[in-house]
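J.: final.cif (mmCIF, C-alpha atoms) pasted underneath:
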data_upload
#
loop_
_atom_site.label_atom_id
_atom_site.label_comp_id
_atom_site.auth_asym_id
_atom_site.auth_seq_id
_atom_site.Cartn_x
_atom_site.Cartn_y
_atom_site.Cartn_z
CA MET A 16 0.00 0.00 0.00
CA THR A 17 1.32 3.43 -0.91
CA THR A 18 1.06 6.42 1.36
CA LEU A 19 -0.47 9.50 -0.20
CA THR A 20 1.14 12.82 0.71
CA VAL A 21 -0.20 16.36 1.01
CA ASN A 22 2.00 17.40 -1.93
CA GLU A 23 0.42 14.70 -4.10
CA LEU A 24 -3.07 15.91 -3.17
CA VAL A 25 -2.09 19.49 -4.02
CA GLY A 26 -0.79 18.23 -7.36
CA ARG A 27 -4.10 16.51 -8.03
CA ASN A 28 -5.86 19.77 -7.22
CA ARG A 29 -3.86 21.61 -9.86
CA ALA A 30 -5.21 19.18 -12.45
CA VAL A 31 -8.78 19.51 -11.15
CA ALA A 32 -8.56 23.32 -11.04
CA THR A 33 -7.77 23.52 -14.74
CA ALA A 34 -11.21 22.12 -15.58
CA HIS A 35 -13.08 23.46 -12.54
CA GLU A 36 -16.52 24.96 -13.10
CA PRO A 37 -17.15 27.69 -10.50
CA PHE A 38 -19.75 27.12 -7.82
CA PRO A 39 -22.30 29.90 -7.34
CA THR A 40 -22.00 32.26 -4.39
CA PHE A 41 -24.89 32.56 -1.92
CA ALA A 42 -25.98 35.75 -3.68
CA GLU A 43 -25.90 34.04 -7.08
CA MET A 44 -27.86 31.08 -5.69
CA ALA A 45 -30.53 33.45 -4.38
CA ALA A 46 -30.76 35.18 -7.75
CA MET A 47 -31.07 31.77 -9.45
CA GLU A 48 -33.72 30.79 -6.87
CA VAL A 49 -31.67 27.76 -5.86
CA ASP A 50 -32.53 26.33 -2.45
CA GLN A 51 -30.17 27.21 0.33
CA PRO A 52 -29.00 24.22 2.34
CA PHE A 53 -31.80 23.08 4.67
CA LEU A 54 -30.89 19.55 5.71
CA ILE A 55 -27.86 18.42 7.72
CA VAL A 56 -26.43 14.93 7.39
CA LEU A 57 -24.09 14.21 10.30
CA THR A 58 -21.97 11.12 9.86
CA CYS A 59 -18.54 9.57 10.39
CA VAL A 60 -15.20 10.56 8.85
CA ASP A 61 -14.56 6.94 7.89
CA PRO A 62 -13.85 6.88 4.12
CA ARG A 63 -16.19 3.89 3.76
CA CYS A 64 -19.08 6.05 4.97
CA LYS A 65 -19.82 8.34 2.02
CA PRO A 66 -23.30 9.86 2.29
CA GLU A 67 -22.97 11.46 -1.11
CA TYR A 68 -22.86 7.87 -2.43
CA PHE A 69 -25.24 5.91 -0.22
CA LEU A 70 -27.87 8.69 -0.20
CA ASP A 71 -27.36 9.31 -3.93
CA MET A 72 -27.08 13.05 -3.29
CA LYS A 73 -26.81 15.52 -6.14
CA PRO A 74 -25.32 19.03 -6.12
CA GLY A 75 -27.83 21.74 -5.32
CA GLU A 76 -30.22 19.55 -3.33
CA GLY A 77 -29.79 21.63 -0.18
CA VAL A 78 -27.92 19.06 1.90
CA LEU A 79 -24.97 19.89 4.14
CA VAL A 80 -22.71 17.00 5.12
CA MET A 81 -20.90 17.22 8.45
CA ARG A 82 -18.40 14.57 9.50
CA ASN A 83 -16.48 13.68 12.63
CA ILE A 84 -15.41 10.54 14.47
CA ALA A 85 -18.48 8.28 14.67
CA GLY A 86 -20.79 11.07 13.50
CA HIS A 87 -21.37 12.21 17.07
CA VAL A 88 -23.49 15.26 17.85
CA THR A 89 -21.48 16.80 20.71
CA PRO A 90 -18.39 17.78 18.66
CA ALA A 91 -20.67 19.12 15.90
CA LEU A 92 -23.12 21.00 18.10
CA ASN A 93 -21.57 24.47 17.70
CA ASP A 94 -21.60 24.05 13.92
CA ILE A 95 -25.22 22.87 13.93
CA LEU A 96 -26.24 25.89 16.01
CA ALA A 97 -24.39 28.32 13.74
CA LEU A 98 -25.83 26.77 10.59
CA ASP A 99 -29.34 26.87 12.04
CA ALA A 100 -28.91 30.56 12.85
CA PHE A 101 -27.63 31.36 9.36
CA LEU A 102 -29.57 28.98 7.10
CA PRO A 103 -33.13 27.64 7.03
CA ILE A 104 -32.17 24.24 8.54
CA SER A 105 -35.26 22.09 8.92
CA GLU A 106 -33.99 18.52 9.41
CA ILE A 107 -30.99 16.62 10.73
CA MET A 108 -30.02 13.05 9.88
CA VAL A 109 -27.58 11.39 12.29
CA ILE A 110 -25.99 8.41 10.57
CA HIS A 111 -23.60 6.00 12.24
CA HIS A 112 -22.26 2.91 10.46
CA THR A 113 -21.34 -0.70 11.02
CA ASP A 114 -17.71 -1.55 11.85
CA CYS A 115 -17.05 2.04 12.93
CA GLY A 116 -13.55 2.55 14.26
CA ALA A 117 -15.04 4.19 17.36
CA SER A 118 -16.57 0.82 18.25
CA HIS A 119 -13.07 -0.64 18.44
CA PHE A 120 -11.65 1.71 21.08
CA THR A 121 -12.60 3.05 24.48
CA ASN A 122 -11.95 6.41 26.07
CA ASP A 123 -9.50 4.70 28.42
CA ILE A 124 -7.41 3.34 25.52
CA ILE A 125 -7.17 6.78 23.90
CA ARG A 126 -6.51 8.48 27.24
CA GLN A 127 -3.65 6.07 27.97
CA LYS A 128 -2.03 6.81 24.61
CA MET A 129 -2.49 10.53 25.14
CA LYS A 130 -0.93 10.34 28.61
CA GLU A 131 2.10 8.58 27.14
CA ARG A 132 2.63 11.57 24.86
CA LEU A 133 1.41 14.24 27.28
CA PRO A 134 2.06 12.96 30.80
CA THR A 135 1.48 16.31 32.52
CA HIS A 136 -1.86 17.11 30.87
CA ARG A 137 -4.52 16.01 33.35
CA GLU A 138 -7.39 17.38 31.24
CA VAL A 139 -7.04 14.26 29.07
CA ASP A 140 -8.91 12.38 31.83
CA SER A 141 -12.11 14.34 31.16
CA ILE A 142 -12.18 14.15 27.36
CA ASP A 143 -14.79 11.96 25.69
CA PHE A 144 -13.24 10.58 22.50
CA GLY A 145 -16.48 9.06 21.24
CA GLY A 146 -15.85 5.35 21.63
CA PHE A 147 -18.93 3.14 21.95
CA LYS A 148 -19.92 -0.51 22.17
CA ASP A 149 -23.59 -0.49 21.13
CA LEU A 150 -24.13 1.02 17.68
CA GLU A 151 -27.88 1.62 17.92
CA GLN A 152 -27.57 3.03 21.44
CA SER A 153 -24.89 5.40 20.17
CA VAL A 154 -27.34 6.79 17.60
CA LYS A 155 -30.05 7.08 20.28
CA ASP A 156 -27.63 8.89 22.60
CA ASP A 157 -26.79 11.41 19.88
CA LEU A 158 -30.46 12.02 19.11
CA ASN A 159 -31.05 12.56 22.81
CA ILE A 160 -28.26 15.16 22.92
CA LEU A 161 -29.97 17.10 20.12
CA ARG A 162 -33.40 16.80 21.66
CA SER A 163 -32.35 17.69 25.19
CA SER A 164 -30.08 20.63 24.38
CA PRO A 165 -31.67 23.92 25.41
CA LEU A 166 -29.70 25.54 22.56
CA VAL A 167 -31.23 23.50 19.74
CA ARG A 168 -34.47 24.91 18.41
CA LYS A 169 -37.36 22.58 19.31
CA GLY A 170 -38.67 22.47 15.73
CA LEU A 171 -35.27 21.27 14.54
CA ALA A 172 -34.73 18.84 17.42
CA ASP A 173 -38.14 17.29 16.73
CA LYS A 174 -37.10 16.65 13.11
CA ALA A 175 -33.82 14.90 14.04
CA VAL A 176 -33.73 11.30 12.85
CA GLY A 177 -31.18 8.53 13.28
CA TYR A 178 -29.96 5.72 11.07
CA VAL A 179 -27.32 3.03 10.85
CA PHE A 180 -25.60 2.57 7.51
CA ASP A 181 -24.51 -1.02 6.85
CA ILE A 182 -21.17 -0.91 5.03
CA LYS A 183 -21.72 -4.43 3.65
CA THR A 184 -25.27 -4.09 2.26
CA GLY A 185 -25.40 -0.32 1.65
CA ALA A 186 -28.76 -0.15 3.43
CA LEU A 187 -29.90 2.35 6.02
CA THR A 188 -31.83 1.15 9.07
CA ARG A 189 -33.89 3.65 11.05
CA VAL A 190 -33.06 3.95 14.74
CA ASP A 191 -35.86 5.36 16.84
CA GLY A 192 -34.67 7.20 19.85
#
So that I can check it, write out the structure of this file as structure tokens.

T.:
Amino acid sequence: MTTLTVNELVGRNRAVATAHEPFPTFAEMAAMEVDQPFLIVLTCVDPRCKPEYFLDMKPGEGVLVMRNIAGHVTPALNDILALDAFLPISEIMVIHHTDCGASHFTNDIIRQKMKERLPTHREVDSIDFGGFKDLEQSVKDDLNILRSSPLVRKGLADKAVGYVFDIKTGALTRVDG
């Protein structure tokens, strides 16, 4: 397996930029009467979990994709709040996936590794790195964070839905929470 470098990615960008078609600005989108983004898909950074693929999303459909480890709500909450203040956000999909890397570690494992590198930093003991054991419960927990936050608009929290994406079948399974 070869290791890709930042310089190689920048080189690829040069090739892409030569044929790039400009994206419209917000002002241009308004003039064209194109929908502003209104739906957030929050999912994992895992490269096997590509919502653009498994949701068959097309440019201009008004979907914003947010990604972090395991697709957890807590690290994305500030972004969700800012987007909801700036854009007409009406729904949120929280999508976790099978064989997620976060199901293979615990906070204690990550904390131990961090302490080896940063032995004097006690704040490591209070960080939640997002590990989980029960995939469906993890989705339910994230939905609960959205629904119980006093900062999330009730109309938006009520429209939050959760799913598990199966990396083997490509299917989504609804998780009620």

J.: Return as JSON lines the residues of region 80-152 of chain A lying at most 7 Å from region 166-178 of chain A, together with the closest atom-to-atom pair for each and the distance in Å to one decimal, counting all atoms listed in the file, with rows in chain order and ascending residue number.

T.:
{"residue": "A:Leu96", "atom": "CA", "partner": "A:Val167", "partner_atom": "CA", "distance": 6.7}
{"residue": "A:Ser105", "atom": "CA", "partner": "A:Leu171", "partner_atom": "CA", "distance": 5.7}
{"residue": "A:Glu106", "atom": "CA", "partner": "A:Lys174", "partner_atom": "CA", "distance": 5.2}
{"residue": "A:Ile107", "atom": "CA", "partner": "A:Ala175", "partner_atom": "CA", "distance": 4.7}
{"residue": "A:Met108", "atom": "CA", "partner": "A:Val176", "partner_atom": "CA", "distance": 5.1}
{"residue": "A:Val109", "atom": "CA", "partner": "A:Gly177", "partner_atom": "CA", "distance": 4.7}
{"residue": "A:Ile110", "atom": "CA", "partner": "A:Tyr178", "partner_atom": "CA", "distance": 4.8}
{"residue": "A:His111", "atom": "CA", "partner": "A:Tyr178", "partner_atom": "CA", "distance": 6.5}

J.: Keeping C-alpha atoms for every residue in the selection just given, could you write it to a file as a compact mmCIF listing (two decimals), keeping the file's coordinate frame?

T.:
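Okay, this is what ended up in part_5.txt:
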# COMPACT_ATOMS: atom_id res chain seq x y z
CA LEU A 96 -26.24 25.89 16.01
CA SER A 105 -35.26 22.09 8.92
CA GLU A 106 -33.99 18.52 9.41
CA ILE A 107 -30.99 16.62 10.73
CA MET A 108 -30.02 13.05 9.88
CA VAL A 109 -27.58 11.39 12.29
CA ILE A 110 -25.99 8.41 10.57
CA HIS A 111 -23.60 6.00 12.24

J.: Taking the file as I've supplied it (selection: the PyMOL selection byres ((chain A and resi 120) around 12)), which residues are included? Please answer as an MDAnalysis selection string.

T.: chainID A and resid 84:85 114:119 121:128 143:148

J.: Next, the residues of the selection above should be written as a PDB file, in the coordinates of the input with C-alpha atoms.

T.:
ATOM      1  CA  ILE A  84     -15.410  10.540  14.470  1.00  0.00           C
ATOM      2  CA  ALA A  85     -18.480   8.280  14.670  1.00  0.00           C
ATOM      3  CA  ASP A 114     -17.710  -1.550  11.850  1.00  0.00           C
ATOM      4  CA  CYS A 115     -17.050   2.040  12.930  1.00  0.00           C
ATOM      5  CA  GLY A 116     -13.550   2.550  14.260  1.00  0.00           C
ATOM      6  CA  ALA A 117     -15.040   4.190  17.360  1.00  0.00           C
ATOM      7  CA  SER A 118     -16.570   0.820  18.250  1.00  0.00           C
ATOM      8  CA  HIS A 119     -13.070  -0.640  18.440  1.00  0.00           C
ATOM      9  CA  THR A 121     -12.600   3.050  24.480  1.00  0.00           C
ATOM     10  CA  ASN A 122     -11.950   6.410  26.070  1.00  0.00           C
ATOM     11  CA  ASP A 123      -9.500   4.700  28.420  1.00  0.00           C
ATOM     12  CA  ILE A 124      -7.410   3.340  25.520  1.00  0.00           C
ATOM     13  CA  ILE A 125      -7.170   6.780  23.900  1.00  0.00           C
ATOM     14  CA  ARG A 126      -6.510   8.480  27.240  1.00  0.00           C
ATOM     15  CA  GLN A 127      -3.650   6.070  27.970  1.00  0.00           C
ATOM     16  CA  LYS A 128      -2.030   6.810  24.610  1.00  0.00           C
ATOM     17  CA  ASP A 143     -14.790  11.960  25.690  1.00  0.00           C
ATOM     18  CA  PHE A 144     -13.240  10.580  22.500  1.00  0.00           C
ATOM     19  CA  GLY A 145     -16.480   9.060  21.240  1.00  0.00           C
ATOM     20  CA  GLY A 146     -15.850   5.350  21.630  1.00  0.00           C
ATOM     21  CA  PHE A 147     -18.930   3.140  21.950  1.00  0.00           C
ATOM     22  CA  LYS A 148     -19.920  -0.510  22.170  1.00  0.00           C
TER      23      LYS A 148
END

J.: Using only C-alpha atoms, can you tell me which of A:Glu131, A:Val25, A:His112, A:Ser163 comes closest to Thr184 (chain A)?

T.: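 Closest residue, counting only C-alpha atoms: A:His112.
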
J.: So how far away is CA of Gly192 (chain A) from CA of Gln152 (chain A), in Å?

T.: 8.4 Å

J.: Calculate how many Å separate CA of Lys73 (chain A) from CA of Pro52 (chain A), rounding to one decimal.

T.: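 We find that CA of Lys73 (chain A) and CA of Pro52 (chain A) lie 12.3 Å from each other.
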
J.: Work out where the centre of an axis-aligned box around every listed atom of region 169-180 of chain A lies and how long its edges are once 4 Å is added on each side; give both in Å to one decimal as lines of an AutoDock Vina configuration file.

T.:
center_x = -32.1
center_y = 12.6
center_z = 13.4
size_x = 21.1
size_y = 28.0
size_z = 19.8

J.: Which of these, A:Pro39, A:Gly185, A:Gly77, A:Pro66, has the shortest distance to Leu102 (chain A) once you count all atoms listed in the file?

T.: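 Of all the options, A:Gly77 lies closest to Leu102 (chain A).
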
J.: Find the residue from A:Gly75, A:Arg162, A:Asp156, A:Thr18 that sits nearest to Phe38 (chain A); use only C-alpha atoms when measuring.

T.: A:Gly75

J.: Just say which residues the PyMOL selection byres ((chain A and resi 57) around 7) picks in this file, as a PDB file with C-alpha atoms, in the coordinates of the input.

T.:
ATOM      1  CA  ILE A  55     -27.860  18.420   7.720  1.00  0.00           C
ATOM      2  CA  VAL A  56     -26.430  14.930   7.390  1.00  0.00           C
ATOM      3  CA  THR A  58     -21.970  11.120   9.860  1.00  0.00           C
ATOM      4  CA  VAL A  80     -22.710  17.000   5.120  1.00  0.00           C
ATOM      5  CA  MET A  81     -20.900  17.220   8.450  1.00  0.00           C
ATOM      6  CA  ARG A  82     -18.400  14.570   9.500  1.00  0.00           C
ATOM      7  CA  GLY A  86     -20.790  11.070  13.500  1.00  0.00           C
ATOM      8  CA  MET A 108     -30.020  13.050   9.880  1.00  0.00           C
ATOM      9  CA  VAL A 109     -27.580  11.390  12.290  1.00  0.00           C
ATOM     10  CA  ILE A 110     -25.990   8.410  10.570  1.00  0.00           C
TER      11      ILE A 110
END

J.: Between CA of Lys155 (chain A) and CA of Ala100 (chain A), what is the distance, to one decimal in Å?

T.: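 Computing it gives 24.7 Å between the two atoms.
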
J.: Applying the PyMOL selection byres ((chain A and resi 183) around 12) to the file I just gave you, which residues come out? Please list them as a PyMOL selection string.

T.: chain A and resi 63-64+69+112-114+179-182+184-187

J.: Restricting the calculation to all atoms listed in the file: of A:Leu70, A:Leu161, A:Ile104, A:Val190, which residue gets closest to Leu92 (chain A)?

T.: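 Closest to Leu92 (chain A), using all atoms listed in the file: A:Leu161.
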
J.: Can you pull region 50-84 of chain A out of that block with N, CA, C and O atoms and hand it back as a PDB file, in the first residue's frame?

T.:
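Here's the written file selection-v3.pdb:
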ATOM      1  N   ASP A  50     -32.343  26.522  -3.891  1.00  0.00           N
ATOM      2  CA  ASP A  50     -32.534  26.333  -2.453  1.00  0.00           C
ATOM      3  C   ASP A  50     -31.228  26.471  -1.696  1.00  0.00           C
ATOM      4  O   ASP A  50     -30.203  25.932  -2.116  1.00  0.00           O
ATOM      5  N   GLN A  51     -31.295  27.196  -0.585  1.00  0.00           N
ATOM      6  CA  GLN A  51     -30.168  27.206   0.327  1.00  0.00           C
ATOM      7  C   GLN A  51     -30.170  25.868   1.066  1.00  0.00           C
ATOM      8  O   GLN A  51     -31.218  25.226   1.175  1.00  0.00           O
ATOM      9  N   PRO A  52     -29.028  25.473   1.580  1.00  0.00           N
ATOM     10  CA  PRO A  52     -29.004  24.217   2.341  1.00  0.00           C
ATOM     11  C   PRO A  52     -30.015  24.248   3.492  1.00  0.00           C
ATOM     12  O   PRO A  52     -30.130  25.247   4.192  1.00  0.00           O
ATOM     13  N   PHE A  53     -30.757  23.151   3.644  1.00  0.00           N
ATOM     14  CA  PHE A  53     -31.799  23.080   4.666  1.00  0.00           C
ATOM     15  C   PHE A  53     -31.774  21.777   5.450  1.00  0.00           C
ATOM     16  O   PHE A  53     -32.511  21.610   6.402  1.00  0.00           O
ATOM     17  N   LEU A  54     -30.941  20.846   5.061  1.00  0.00           N
ATOM     18  CA  LEU A  54     -30.889  19.547   5.715  1.00  0.00           C
ATOM     19  C   LEU A  54     -29.443  19.221   6.053  1.00  0.00           C
ATOM     20  O   LEU A  54     -28.568  19.374   5.204  1.00  0.00           O
ATOM     21  N   ILE A  55     -29.203  18.811   7.290  1.00  0.00           N
ATOM     22  CA  ILE A  55     -27.859  18.421   7.717  1.00  0.00           C
ATOM     23  C   ILE A  55     -27.795  16.905   7.812  1.00  0.00           C
ATOM     24  O   ILE A  55     -28.660  16.274   8.420  1.00  0.00           O
ATOM     25  N   VAL A  56     -26.763  16.338   7.212  1.00  0.00           N
ATOM     26  CA  VAL A  56     -26.433  14.928   7.392  1.00  0.00           C
ATOM     27  C   VAL A  56     -25.150  14.896   8.215  1.00  0.00           C
ATOM     28  O   VAL A  56     -24.121  15.403   7.784  1.00  0.00           O
ATOM     29  N   LEU A  57     -25.246  14.328   9.412  1.00  0.00           N
ATOM     30  CA  LEU A  57     -24.093  14.209  10.297  1.00  0.00           C
ATOM     31  C   LEU A  57     -23.676  12.748  10.327  1.00  0.00           C
ATOM     32  O   LEU A  57     -24.471  11.879  10.684  1.00  0.00           O
ATOM     33  N   THR A  58     -22.444  12.495   9.925  1.00  0.00           N
ATOM     34  CA  THR A  58     -21.975  11.118   9.858  1.00  0.00           C
ATOM     35  C   THR A  58     -20.486  11.045  10.162  1.00  0.00           C
ATOM     36  O   THR A  58     -19.863  12.029  10.534  1.00  0.00           O
ATOM     37  N   CYS A  59     -19.924   9.870   9.988  1.00  0.00           N
ATOM     38  CA  CYS A  59     -18.545   9.573  10.386  1.00  0.00           C
ATOM     39  C   CYS A  59     -17.526   9.994   9.318  1.00  0.00           C
ATOM     40  O   CYS A  59     -17.841  10.060   8.134  1.00  0.00           O
ATOM     41  N   VAL A  60     -16.297  10.229   9.761  1.00  0.00           N
ATOM     42  CA  VAL A  60     -15.204  10.564   8.849  1.00  0.00           C
ATOM     43  C   VAL A  60     -14.658   9.349   8.105  1.00  0.00           C
ATOM     44  O   VAL A  60     -13.883   9.495   7.170  1.00  0.00           O
ATOM     45  N   ASP A  61     -15.054   8.173   8.509  1.00  0.00           N
ATOM     46  CA  ASP A  61     -14.561   6.942   7.886  1.00  0.00           C
ATOM     47  C   ASP A  61     -14.758   7.017   6.366  1.00  0.00           C
ATOM     48  O   ASP A  61     -15.859   7.296   5.899  1.00  0.00           O
ATOM     49  N   PRO A  62     -13.713   6.772   5.580  1.00  0.00           N
ATOM     50  CA  PRO A  62     -13.852   6.881   4.123  1.00  0.00           C
ATOM     51  C   PRO A  62     -14.809   5.865   3.506  1.00  0.00           C
ATOM     52  O   PRO A  62     -15.221   6.025   2.358  1.00  0.00           O
ATOM     53  N   ARG A  63     -15.199   4.849   4.258  1.00  0.00           N
ATOM     54  CA  ARG A  63     -16.191   3.886   3.757  1.00  0.00           C
ATOM     55  C   ARG A  63     -17.614   4.425   3.901  1.00  0.00           C
ATOM     56  O   ARG A  63     -18.541   3.869   3.331  1.00  0.00           O
ATOM     57  N   CYS A  64     -17.768   5.477   4.660  1.00  0.00           N
ATOM     58  CA  CYS A  64     -19.078   6.045   4.966  1.00  0.00           C
ATOM     59  C   CYS A  64     -19.241   7.338   4.165  1.00  0.00           C
ATOM     60  O   CYS A  64     -18.916   8.421   4.637  1.00  0.00           O
ATOM     61  N   LYS A  65     -19.713   7.210   2.941  1.00  0.00           N
ATOM     62  CA  LYS A  65     -19.822   8.337   2.021  1.00  0.00           C
ATOM     63  C   LYS A  65     -21.291   8.645   1.743  1.00  0.00           C
ATOM     64  O   LYS A  65     -21.905   8.045   0.857  1.00  0.00           O
ATOM     65  N   PRO A  66     -21.875   9.575   2.482  1.00  0.00           N
ATOM     66  CA  PRO A  66     -23.305   9.855   2.292  1.00  0.00           C
ATOM     67  C   PRO A  66     -23.640  10.349   0.897  1.00  0.00           C
ATOM     68  O   PRO A  66     -24.740  10.103   0.399  1.00  0.00           O
ATOM     69  N   GLU A  67     -22.715  11.022   0.255  1.00  0.00           N
ATOM     70  CA  GLU A  67     -22.972  11.461  -1.114  1.00  0.00           C
ATOM     71  C   GLU A  67     -23.276  10.252  -1.999  1.00  0.00           C
ATOM     72  O   GLU A  67     -24.098  10.333  -2.912  1.00  0.00           O
ATOM     73  N   TYR A  68     -22.631   9.114  -1.685  1.00  0.00           N
ATOM     74  CA  TYR A  68     -22.858   7.873  -2.432  1.00  0.00           C
ATOM     75  C   TYR A  68     -24.114   7.156  -1.952  1.00  0.00           C
ATOM     76  O   TYR A  68     -25.039   6.921  -2.721  1.00  0.00           O
ATOM     77  N   PHE A  69     -24.155   6.797  -0.656  1.00  0.00           N
ATOM     78  CA  PHE A  69     -25.240   5.913  -0.220  1.00  0.00           C
ATOM     79  C   PHE A  69     -26.593   6.613  -0.083  1.00  0.00           C
ATOM     80  O   PHE A  69     -27.624   5.950   0.015  1.00  0.00           O
ATOM     81  N   LEU A  70     -26.602   7.948  -0.137  1.00  0.00           N
ATOM     82  CA  LEU A  70     -27.870   8.692  -0.201  1.00  0.00           C
ATOM     83  C   LEU A  70     -28.139   9.218  -1.615  1.00  0.00           C
ATOM     84  O   LEU A  70     -29.116   9.921  -1.829  1.00  0.00           O
ATOM     85  N   ASP A  71     -27.234   8.902  -2.527  1.00  0.00           N
ATOM     86  CA  ASP A  71     -27.360   9.310  -3.934  1.00  0.00           C
ATOM     87  C   ASP A  71     -27.652  10.808  -4.041  1.00  0.00           C
ATOM     88  O   ASP A  71     -28.564  11.238  -4.751  1.00  0.00           O
ATOM     89  N   MET A  72     -26.861  11.603  -3.330  1.00  0.00           N
ATOM     90  CA  MET A  72     -27.080  13.048  -3.293  1.00  0.00           C
ATOM     91  C   MET A  72     -26.518  13.713  -4.546  1.00  0.00           C
ATOM     92  O   MET A  72     -25.497  13.301  -5.078  1.00  0.00           O
ATOM     93  N   LYS A  73     -27.202  14.748  -4.970  1.00  0.00           N
ATOM     94  CA  LYS A  73     -26.809  15.519  -6.141  1.00  0.00           C
ATOM     95  C   LYS A  73     -26.506  16.955  -5.719  1.00  0.00           C
ATOM     96  O   LYS A  73     -27.088  17.461  -4.766  1.00  0.00           O
ATOM     97  N   PRO A  74     -25.598  17.625  -6.434  1.00  0.00           N
ATOM     98  CA  PRO A  74     -25.317  19.029  -6.121  1.00  0.00           C
ATOM     99  C   PRO A  74     -26.591  19.873  -6.209  1.00  0.00           C
ATOM    100  O   PRO A  74     -27.447  19.636  -7.065  1.00  0.00           O
ATOM    101  N   GLY A  75     -26.702  20.821  -5.298  1.00  0.00           N
ATOM    102  CA  GLY A  75     -27.833  21.741  -5.325  1.00  0.00           C
ATOM    103  C   GLY A  75     -29.096  21.240  -4.650  1.00  0.00           C
ATOM    104  O   GLY A  75     -30.132  21.896  -4.726  1.00  0.00           O
ATOM    105  N   GLU A  76     -29.022  20.079  -3.984  1.00  0.00           N
ATOM    106  CA  GLU A  76     -30.222  19.548  -3.332  1.00  0.00           C
ATOM    107  C   GLU A  76     -30.445  20.113  -1.932  1.00  0.00           C
ATOM    108  O   GLU A  76     -31.417  19.756  -1.278  1.00  0.00           O
ATOM    109  N   GLY A  77     -29.568  20.984  -1.471  1.00  0.00           N
ATOM    110  CA  GLY A  77     -29.785  21.631  -0.180  1.00  0.00           C
ATOM    111  C   GLY A  77     -29.341  20.817   1.019  1.00  0.00           C
ATOM    112  O   GLY A  77     -29.850  21.014   2.123  1.00  0.00           O
ATOM    113  N   VAL A  78     -28.390  19.918   0.810  1.00  0.00           N
ATOM    114  CA  VAL A  78     -27.916  19.060   1.902  1.00  0.00           C
ATOM    115  C   VAL A  78     -26.497  19.455   2.293  1.00  0.00           C
ATOM    116  O   VAL A  78     -25.628  19.604   1.438  1.00  0.00           O
ATOM    117  N   LEU A  79     -26.299  19.639   3.591  1.00  0.00           N
ATOM    118  CA  LEU A  79     -24.969  19.893   4.140  1.00  0.00           C
ATOM    119  C   LEU A  79     -24.484  18.615   4.815  1.00  0.00           C
ATOM    120  O   LEU A  79     -25.207  18.031   5.617  1.00  0.00           O
ATOM    121  N   VAL A  80     -23.272  18.183   4.495  1.00  0.00           N
ATOM    122  CA  VAL A  80     -22.706  16.996   5.118  1.00  0.00           C
ATOM    123  C   VAL A  80     -21.670  17.444   6.145  1.00  0.00           C
ATOM    124  O   VAL A  80     -20.767  18.210   5.831  1.00  0.00           O
ATOM    125  N   MET A  81     -21.847  16.953   7.367  1.00  0.00           N
ATOM    126  CA  MET A  81     -20.896  17.215   8.451  1.00  0.00           C
ATOM    127  C   MET A  81     -20.332  15.872   8.882  1.00  0.00           C
ATOM    128  O   MET A  81     -21.078  14.893   8.985  1.00  0.00           O
ATOM    129  N   ARG A  82     -19.023  15.841   9.143  1.00  0.00           N
ATOM    130  CA  ARG A  82     -18.397  14.574   9.500  1.00  0.00           C
ATOM    131  C   ARG A  82     -17.443  14.756  10.674  1.00  0.00           C
ATOM    132  O   ARG A  82     -16.742  15.757  10.766  1.00  0.00           O
ATOM    133  N   ASN A  83     -17.448  13.763  11.548  1.00  0.00           N
ATOM    134  CA  ASN A  83     -16.477  13.683  12.633  1.00  0.00           C
ATOM    135  C   ASN A  83     -16.384  12.218  13.052  1.00  0.00           C
ATOM    136  O   ASN A  83     -17.080  11.372  12.496  1.00  0.00           O
ATOM    137  N   ILE A  84     -15.537  11.921  14.021  1.00  0.00           N
ATOM    138  CA  ILE A  84     -15.407  10.543  14.467  1.00  0.00           C
ATOM    139  C   ILE A  84     -16.759  10.046  14.959  1.00  0.00           C
ATOM    140  O   ILE A  84     -17.374  10.653  15.830  1.00  0.00           O
TER     141      ILE A  84
END
